[in-house]
Amino acid sequence: MDWYFTVFELIDFRSFSNLWFWIMLAVFWSTASHFVMGIPYDMVTRINRGGARAEEAERDLEDLARINSNRLIYIGETAGFWLVGFGFFVLSALFSMGFFYNLEICQALFLLLTPMSIVVLLSLRWARMIQGKTGPELRKMLRRHRISIQVIGMVSIFVTSIWGMHINMTAGVL
């Protein structure tokens, strides 16, 4: 019996006091802000720096933007209603189980997935706006979209950390 108690005391399985949750949150948002609509943002910075291969990188960026924006628009047009319905079902189930039944894992998942669903809808909107854009105009739009993702991420991390501190302080594990 002491062995189980020691293991469970050492490894905390609650979400907001678990280091892995916070590492996952940081990786989640850094990945979301690096891959803007599936396009690695270092391509934009490489083009802005110039150099010998800037023209090739510009063509690659335009091709990736065209491919990914067409893919997002196609998914939105063919399965958009089903994805939105399923997404709202999952988010409302997580909200209900997390905040009405006090399941901490559901609260954590809700605080992770809600802002990311906003980012997905925003990416669909930007995919429609980016279609047909090239050159500096495309890079400017991708930069704006990245900034909007980063703002959503900062607000999400702030709200999640405030809620996590509240949960950890009221749980009495400290």
# chains A, B, ... in the order shown; residues from 1 in each chain; ligands from 1
>>> closest_atom_pairs(of="region 10-128 of chain A", to="region 138-158 of chain A", cutoff="12 Å", atoms="only C-alpha atoms", output="Markdown table")
| residue | atom | partner | partner_atom | distance |
| --- | --- | --- | --- | --- |
| A:Phe21 | CA | A:Ile157 | CA | 11.7 |
| A:Trp22 | CA | A:Ile157 | CA | 9.3 |
| A:Ile23 | CA | A:Ile157 | CA | 11.5 |
| A:Met24 | CA | A:Ile157 | CA | 11.4 |
| A:Leu25 | CA | A:Ile157 | CA | 7.6 |
| A:Ala26 | CA | A:Ile157 | CA | 8.3 |
| A:Val27 | CA | A:Gly153 | CA | 11.1 |
| A:Phe28 | CA | A:Gly153 | CA | 9.2 |
| A:Trp29 | CA | A:Gly153 | CA | 6.0 |
| A:Ser30 | CA | A:Gln150 | CA | 8.5 |
| A:Thr31 | CA | A:Gln150 | CA | 10.5 |
| A:Ala32 | CA | A:Ile149 | CA | 7.3 |
| A:Ser33 | CA | A:Arg146 | CA | 5.8 |
| A:His34 | CA | A:Arg146 | CA | 7.7 |
| A:Phe35 | CA | A:Arg146 | CA | 8.6 |
| A:Val36 | CA | A:Arg146 | CA | 6.1 |
| A:Met37 | CA | A:Leu142 | CA | 8.6 |
| A:Gly38 | CA | A:Leu142 | CA | 10.9 |
| A:Ile39 | CA | A:Leu142 | CA | 9.0 |
| A:Pro40 | CA | A:Leu142 | CA | 10.3 |
| A:Tyr41 | CA | A:Leu142 | CA | 8.2 |
| A:Asp42 | CA | A:Arg143 | CA | 11.0 |
| A:Met43 | CA | A:Arg139 | CA | 9.5 |
| A:Val44 | CA | A:Arg139 | CA | 6.2 |
| A:Thr45 | CA | A:Arg139 | CA | 9.0 |
| A:Arg46 | CA | A:Arg139 | CA | 11.0 |
| A:Ile47 | CA | A:Arg139 | CA | 8.9 |
| A:Asn48 | CA | A:Arg139 | CA | 8.8 |
| A:Ala57 | CA | A:Arg139 | CA | 11.8 |
| A:Glu58 | CA | A:Arg139 | CA | 9.3 |
| A:Arg59 | CA | A:Leu138 | CA | 11.4 |
| A:Leu61 | CA | A:Arg139 | CA | 8.7 |
| A:Glu62 | CA | A:Leu138 | CA | 7.8 |
| A:Asp63 | CA | A:Leu138 | CA | 11.3 |
| A:Leu64 | CA | A:Leu138 | CA | 11.3 |
| A:Ala65 | CA | A:Leu138 | CA | 8.4 |
| A:Arg66 | CA | A:Leu138 | CA | 10.3 |
| A:Ser69 | CA | A:Leu142 | CA | 11.5 |
| A:Ala108 | CA | A:Ile157 | CA | 11.3 |
| A:Phe110 | CA | A:Ser156 | CA | 10.9 |
| A:Leu111 | CA | A:Ser156 | CA | 7.3 |
| A:Leu112 | CA | A:Ser156 | CA | 7.7 |
| A:Leu113 | CA | A:Ser156 | CA | 9.9 |
| A:Thr114 | CA | A:Ser156 | CA | 8.9 |
| A:Pro115 | CA | A:Ser156 | CA | 6.5 |
| A:Met116 | CA | A:Gly153 | CA | 8.4 |
| A:Ser117 | CA | A:Ile152 | CA | 10.7 |
| A:Ile118 | CA | A:Ile152 | CA | 8.4 |
| A:Val119 | CA | A:Ile149 | CA | 6.4 |
| A:Val120 | CA | A:Ile149 | CA | 9.7 |
| A:Leu121 | CA | A:Ile149 | CA | 11.1 |
| A:Leu122 | CA | A:His145 | CA | 8.2 |
| A:Ser123 | CA | A:His145 | CA | 7.7 |
| A:Leu124 | CA | A:His145 | CA | 10.9 |
| A:Arg125 | CA | A:His145 | CA | 10.0 |
| A:Trp126 | CA | A:His145 | CA | 7.2 |
| A:Ala127 | CA | A:Leu142 | CA | 9.8 |
| A:Arg128 | CA | A:Met141 | CA | 11.4 |
>>> atom_distance(atom1="CA of Asp2 (chain A)", atom2="CA of Ile167 (chain A)")
27.0 Å
>>> atom_distance(atom1="CA of Phe16 (chain A)", atom2="CA of His166 (chain A)")
9.5 Å
>>> select_by_dssp(residues="chain A", states="strand (DSSP E)", output="list in words")
Phe35, Val36, Ile39 and Pro40 of chain A
>>> write_last_selection(atoms="C-alpha atoms", output="compact mmCIF listing (two decimals), in the first residue's frame")
# COMPACT_ATOMS: atom_id res chain seq x y z
CA PHE A 35 2.80 26.67 -38.82
CA VAL A 36 0.44 29.37 -40.06
CA ILE A 39 2.96 26.94 -43.83
CA PRO A 40 6.17 27.10 -41.77
>>> atom_distance(atom1="CA of Thr134 (chain A)", atom2="CA of Ile67 (chain A)")
13.0 Å
>>> residues_around(residues="Phe95 (chain A)", least_positions_apart="2", cutoff="12 Å", atoms="only C-alpha atoms", output="ChimeraX atom specification")
/A:88-93,97-114
